[in-house]
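Structure first, commentary second.
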Amino acid sequence: MSEVEQTLSIIKPDAVERNLSDKIKNIFIKNNLKIKESKKIQITKDEAAEFYKVHQSKPFYNDLCSYLSSGPIIVMILEGKNAVLFNRKLMGATNPINAEKNTIRKLYGISIDKNSIHGSDSIDNAKNEIKFFFKT
Ligand code: UDP
Ligand code: MG
């Protein structure tokens, strides 16, 4: 069974800074994930803290929030069959060292924190994360 889904993707500051946005967007397009919305923004540390609040008890939380708010990001709504899980597959493992060949994080990630891309990890989280950035 495959369902058309939407998921939230974020090109993180390290990748925007290195002008990798078009290359990353082309990976989505080539793999039949439609970019329904896309905007370049910079968020505050408080907004990053809200977005990543599921990680608030983690030792890396403070640095993570500082990092996501440190420069421009590109937030996108991706749409396609099984988009949530399929996008996670295209992204690769959190730590680029462990990511499979040709995944976005293997190709472009610098380190576990500067790993170039965010993607929702469940349908429910995708809905909430889309709402967070694209209020209708
Ligand atoms: N992160 C980090 N150190 C860690 C684990 C995660 O800096 O030890 C960062 C990393 O940028 C990651 C984000 O926190 O993308 C969110 O972590 P999560 O476990 O949700 O990974 P993801 O869903 O992004 O693969
Ligand atoms: Mg996650």
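Residues in the structure tokens are numbered from 1 in each chain, the chains being A, B, ... in the order shown, and ligands are numbered from 1 in the order shown.
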
Contacts to ligand 2 at 7 Å cut-off (only C-alpha atoms and all ligand atoms) as a JSON list (two decimals) with N, CA, C and O atoms, in the first residue's frame:
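Contents of result-v1.json, freshly written:
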```
[["chain", "number", "residue", "atom", "x", "y", "z"],
["A", 119, "GLY", "N", 14.13, 16.06, 8.26],
["A", 119, "GLY", "CA", 12.90, 15.52, 7.69],
["A", 119, "GLY", "C", 12.02, 14.95, 8.78],
["A", 119, "GLY", "O", 12.52, 14.31, 9.71],
["A", 120, "SER", "N", 10.72, 15.18, 8.67],
["A", 120, "SER", "CA", 9.78, 14.64, 9.66],
["A", 120, "SER", "C", 9.93, 13.12, 9.75],
["A", 120, "SER", "O", 10.18, 12.47, 8.74],
["A", 121, "ASP", "N", 9.72, 12.59, 10.95],
["A", 121, "ASP", "CA", 9.94, 11.14, 11.14],
["A", 121, "ASP", "C", 8.65, 10.33, 11.28],
["A", 121, "ASP", "O", 8.70, 9.12, 11.47]]
```

Original post:
Residues at most 10 Å from Leu107 of chain A, counting only C-alpha atoms, excluding those fewer than 3 positions away in the same chain, as a VMD selection string?
Top reply: chain A and resid 24 91 to 92 96 99 to 104 110 115 to 116

**OP:** Show which residues sit within 12 Å of Asp63 of chain A, as a ChimeraX atom specification. Count only C-alpha atoms, and ignore same-chain residues fewer than 5 positions away.
**Re:** /A:45,48-49,52,55-56,58,68-70,112-114

Original post:
Which residues come within 7 Å of Pro72 of chain A, counting only C-alpha atoms, excluding same-chain residues fewer than 5 positions away, as a list in words?
Top reply: Pro13, Val16, Lys40, Ile41 and Gln42 of chain A

I need the residues from that last selection saved to file as a JSON list (two decimals), in the first residue's frame (with N, CA and C atoms), if you can.
```
[["chain", "number", "residue", "atom", "x", "y", "z"],
["A", 13, "PRO", "N", 21.36, 25.27, 7.92],
["A", 13, "PRO", "CA", 22.28, 26.37, 7.60],
["A", 13, "PRO", "C", 23.59, 25.93, 6.92],
["A", 16, "VAL", "N", 22.72, 25.47, 3.19],
["A", 16, "VAL", "CA", 22.33, 26.72, 2.52],
["A", 16, "VAL", "C", 23.59, 27.56, 2.27],
["A", 40, "LYS", "N", 12.75, 30.52, 2.03],
["A", 40, "LYS", "CA", 14.02, 30.72, 2.73],
["A", 40, "LYS", "C", 13.75, 31.68, 3.88],
["A", 41, "ILE", "N", 14.07, 31.26, 5.09],
["A", 41, "ILE", "CA", 13.80, 32.08, 6.26],
["A", 41, "ILE", "C", 14.96, 31.93, 7.25],
["A", 42, "GLN", "N", 14.97, 32.80, 8.25],
["A", 42, "GLN", "CA", 15.85, 32.55, 9.40],
["A", 42, "GLN", "C", 14.98, 32.60, 10.65]]
```

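Among the candidate residues A:Leu20, A:Ile11, A:Lys36, A:Phe133, the one lying nearest to Glu50 of chain A is A:Phe133, with distances computed using only C-alpha atoms.
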
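Counting only C-alpha atoms and comparing A:Asn82, A:Ser111, A:Ser57, A:Asn95, the residue that lies closest to Glu5 of chain A is A:Asn82.
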
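Closest to ligand 1 among A:Val54, A:Ala15, A:Ile43, A:Ile77 is A:Val54, based on only C-alpha atoms and all ligand atoms.
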
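Non-sequential neighbours of Glu79 of chain A (distance at most 6 Å, separation of 6 or more positions within a chain, only C-alpha atoms) are Glu5, Gln6, Leu33 and Lys34 of chain A.
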
Keeping only N, CA, C and O atoms, write the selected residues to a file as a PDB file, in the first residue's frame.
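The file below, part.pdb, is the result:
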```
ATOM      1  N   GLU A   5       1.486  11.331   0.636  1.00  0.00           N
ATOM      2  CA  GLU A   5       1.660  12.011   1.935  1.00  0.00           C
ATOM      3  C   GLU A   5       2.420  13.315   1.722  1.00  0.00           C
ATOM      4  O   GLU A   5       3.069  13.511   0.702  1.00  0.00           O
ATOM      5  N   GLN A   6       2.363  14.155   2.750  1.00  0.00           N
ATOM      6  CA  GLN A   6       3.213  15.341   2.783  1.00  0.00           C
ATOM      7  C   GLN A   6       4.154  15.232   3.972  1.00  0.00           C
ATOM      8  O   GLN A   6       3.799  14.675   5.009  1.00  0.00           O
ATOM      9  N   LEU A  33       9.473  13.328  -5.501  1.00  0.00           N
ATOM     10  CA  LEU A  33       8.877  14.084  -4.395  1.00  0.00           C
ATOM     11  C   LEU A  33       8.673  15.514  -4.905  1.00  0.00           C
ATOM     12  O   LEU A  33       9.636  16.182  -5.295  1.00  0.00           O
ATOM     13  N   LYS A  34       7.417  15.935  -4.946  1.00  0.00           N
ATOM     14  CA  LYS A  34       7.103  17.295  -5.427  1.00  0.00           C
ATOM     15  C   LYS A  34       7.371  18.303  -4.326  1.00  0.00           C
ATOM     16  O   LYS A  34       6.967  18.083  -3.182  1.00  0.00           O
TER      17      LYS A  34
END
```

**OP:** Considering only C-alpha atoms, state which residue in the set A:Ile73, A:Arg88, A:Lys127, A:Phe51 is at the smallest distance from Arg18 of chain A.
**Re:** A:Ile73

Original post:
Quick one: DSSP strand (DSSP E) residues in chain A, as an MDAnalysis selection string?
Top reply: chainID A and resid 4:11 34:41 73:81 117:119
